[in-house]
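Asker: My questions all concern the structure below.
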Amino acid sequence: MPNIASILKSEISRVARKEVRAEVLTLKKAVGTHRKEIAALKHRAQALEQALRRMGRSQRAAPEPAAAEDADSGLRRFSAKGLLSLRSRLALSAAECGALVGASSQSIYNWEQGKARPSARHLPAIAALRSMGKREASARLAAIAEAA
């Protein structure tokens with residue numbers, strides 16, 4: 001016959017494990033919902049921060065084009081990749097492109113690699129290159145060579 005103390009002890013531990021398991025299950029469910037809520041809040045905060053950054057950029061950029069349009073008839077943009085493709089489309093060397101724009105060949109290389117940006121005085125000349133063809137570019141180069 002088993003000892004009554006050992007039976008009582010095992011029964012108490014079984015009941016205690018059952019109660020603990022039930023409590024832990026409710027706690028696990030609560031932790032899961034809290035984690036989902038935290039993830040949703042983090043996602044919302046990130047979206048709000050991105051919207052705030054976009055609004056900040058648009059507000060900072062808004063006054064500048066208005067002032068630039070008053071001083072200059074059109075807004076000019078610059079892309080390093082665009083200059084590289086423009087130069088290859090016109091079949092110009094960096095020195096020839098620099099002569100047309102009024103800059104050095106090293107400046108052209110730096111602009112194309114994104115190491116530097118052209119100054120405001122060079123942007124109209126770069127924009128004029130966009131509307132030029134190979135023949136017109138070579139004709140202008142010949143005119144520059146004759147003048148020199």
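Each chain in the structure tokens gets a letter, A, B, ..., in the order shown, and its residues are numbered from 1; ligands are numbered from 1 in order too.
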Would you mind writing down, as a ChimeraX atom specification, each residue of chain A that DSSP on the backbone assigns to alpha helix (DSSP H)?
Answerer: /A:4-61,63-71,80-89,94-101,105-113,123-130,134-147
Asker: What is the distance, in Å and to one decimal place, between CA of Arg130 in chain A and CA of Phe78 in chain A?
Answerer: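 Taking CA of Arg130 in chain A and CA of Phe78 in chain A, their separation equals 11.2 Å.
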Asker: Rank A:Ser13, A:Ser131, A:Ser6, A:Ser58 by their smallest atom-to-atom distance to Leu90 in chain A, using only C-alpha atoms, and report the top residue only.
Answerer: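 Using only C-alpha atoms, Leu90 in chain A sits closest to A:Ser131.
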Asker: Pick out the residues sitting within 12 Å of Trp111 in chain A, and hand them over as a CSV table (one decimal) with N, CA and C atoms, in the first residue's frame; count only C-alpha atoms, and ignore anything fewer than 6 positions along from it in its own chain.
Answerer:
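For reference, result-v4.csv as written:
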chain,number,residue,atom,x,y,z
A,78,PHE,N,19.6,68.3,-62.6
A,78,PHE,CA,20.9,67.6,-63.1
A,78,PHE,C,20.9,66.2,-62.6
A,79,SER,N,21.3,65.3,-63.4
A,79,SER,CA,21.5,63.9,-63.1
A,79,SER,C,22.9,63.5,-63.6
A,80,ALA,N,23.7,62.9,-62.8
A,80,ALA,CA,25.0,62.4,-63.2
A,80,ALA,C,24.9,61.4,-64.3
A,81,LYS,N,24.0,60.5,-64.1
A,81,LYS,CA,23.7,59.4,-65.1
A,81,LYS,C,23.3,60.0,-66.4
A,82,GLY,N,22.4,61.0,-66.3
A,82,GLY,CA,21.9,61.7,-67.5
A,82,GLY,C,23.0,62.4,-68.3
A,83,LEU,N,23.9,63.0,-67.6
A,83,LEU,CA,25.1,63.7,-68.3
A,83,LEU,C,25.9,62.7,-69.0
A,84,LEU,N,26.1,61.5,-68.4
A,84,LEU,CA,27.0,60.5,-69.0
A,84,LEU,C,26.3,59.9,-70.2
A,87,ARG,N,26.4,62.6,-73.0
A,87,ARG,CA,27.7,62.7,-73.6
A,87,ARG,C,28.0,61.5,-74.6
A,94,ALA,N,35.1,64.0,-72.8
A,94,ALA,CA,34.9,64.9,-71.7
A,94,ALA,C,35.4,66.3,-71.9
A,97,CYS,N,33.0,68.0,-74.3
A,97,CYS,CA,31.8,68.3,-73.6
A,97,CYS,C,32.0,69.5,-72.7
A,98,GLY,N,33.2,69.5,-72.0
A,98,GLY,CA,33.6,70.6,-71.2
A,98,GLY,C,33.7,71.9,-72.0
A,103,ALA,N,33.4,74.2,-69.0
A,103,ALA,CA,34.1,73.6,-67.8
A,103,ALA,C,35.2,72.8,-68.3
A,104,SER,N,36.0,72.3,-67.3
A,104,SER,CA,37.1,71.4,-67.6
A,104,SER,C,36.7,70.0,-67.8
A,105,SER,N,37.5,69.2,-68.4
A,105,SER,CA,37.2,67.8,-68.6
A,105,SER,C,37.1,67.1,-67.3
A,117,ARG,N,28.7,68.6,-58.2
A,117,ARG,CA,27.5,69.0,-58.9
A,117,ARG,C,27.9,70.3,-59.7
A,118,PRO,N,27.4,70.4,-60.9
A,118,PRO,CA,27.7,71.7,-61.6
A,118,PRO,C,27.1,72.9,-60.9
A,119,SER,N,27.7,74.0,-61.1
A,119,SER,CA,27.2,75.2,-60.5
A,119,SER,C,26.0,75.7,-61.3
A,122,HIS,N,26.5,76.6,-65.0
A,122,HIS,CA,26.7,75.6,-66.0
A,122,HIS,C,25.4,74.9,-66.4
A,123,LEU,N,24.4,74.9,-65.5
A,123,LEU,CA,23.2,74.2,-65.8
A,123,LEU,C,22.5,74.6,-67.1
A,126,ILE,N,24.2,72.8,-69.9
A,126,ILE,CA,24.0,71.4,-69.9
A,126,ILE,C,22.6,71.2,-70.5
Asker: Range 135-141 of chain A: which residues within 8 Å, counting only C-alpha atoms, same-chain residues fewer than 3 positions away excluded, as a VMD selection string?
Answerer: chain A and resid 90 96 99 to 100 129 132 144 to 145
Asker: Would you mind exporting the chosen residues as a PDB file, in the first residue's frame, restricted to N, CA and C atoms?
Answerer:
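Contents of result.pdb, as written:
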ATOM      1  N   LEU A  90      25.872  62.000 -77.781  1.00  0.00           N
ATOM      2  CA  LEU A  90      26.451  62.988 -78.688  1.00  0.00           C
ATOM      3  C   LEU A  90      27.851  62.591 -79.160  1.00  0.00           C
ATOM      4  N   GLU A  96      35.657  67.721 -74.937  1.00  0.00           N
ATOM      5  CA  GLU A  96      34.749  68.384 -75.878  1.00  0.00           C
ATOM      6  C   GLU A  96      33.471  68.837 -75.176  1.00  0.00           C
ATOM      7  N   ALA A  99      34.244  71.856 -73.209  1.00  0.00           N
ATOM      8  CA  ALA A  99      34.353  73.053 -74.041  1.00  0.00           C
ATOM      9  C   ALA A  99      32.966  73.610 -74.376  1.00  0.00           C
ATOM     10  N   LEU A 100      32.008  72.736 -74.645  1.00  0.00           N
ATOM     11  CA  LEU A 100      30.654  73.192 -74.959  1.00  0.00           C
ATOM     12  C   LEU A 100      29.951  73.795 -73.743  1.00  0.00           C
ATOM     13  N   LEU A 129      22.579  71.326 -74.164  1.00  0.00           N
ATOM     14  CA  LEU A 129      23.133  70.122 -74.787  1.00  0.00           C
ATOM     15  C   LEU A 129      22.056  69.068 -75.018  1.00  0.00           C
ATOM     16  N   MET A 132      20.455  69.273 -78.327  1.00  0.00           N
ATOM     17  CA  MET A 132      21.400  69.289 -79.431  1.00  0.00           C
ATOM     18  C   MET A 132      21.567  67.897 -80.038  1.00  0.00           C
ATOM     19  N   ILE A 144      34.042  76.862 -81.815  1.00  0.00           N
ATOM     20  CA  ILE A 144      34.871  77.177 -80.639  1.00  0.00           C
ATOM     21  C   ILE A 144      36.345  77.040 -80.993  1.00  0.00           C
ATOM     22  N   ALA A 145      36.685  76.010 -81.769  1.00  0.00           N
ATOM     23  CA  ALA A 145      38.090  75.796 -82.159  1.00  0.00           C
ATOM     24  C   ALA A 145      38.576  76.933 -83.065  1.00  0.00           C
TER      25      ALA A 145
END
Asker: Take CA of Ser107 in chain A and CA of Leu92 in chain A and report the distance between them in Å, one decimal.
Answerer: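 Computing the Euclidean distance for CA of Ser107 in chain A and CA of Leu92 in chain A yields 14.5 Å.
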Asker: Rounded to one decimal, what separation in Å do you get between CA of Ile108 in chain A and CA of Ser93 in chain A?
Answerer: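 It comes out at 9.6 Å.
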Asker: Given the choices A:Lys115, A:Leu86, A:Lys18, A:Thr33, which gets closest to Lys134 in chain A if the distance is worked out from only C-alpha atoms?
Answerer: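 Looking only at the distances to Lys134 in chain A, the closest residue turns out to be A:Leu86.
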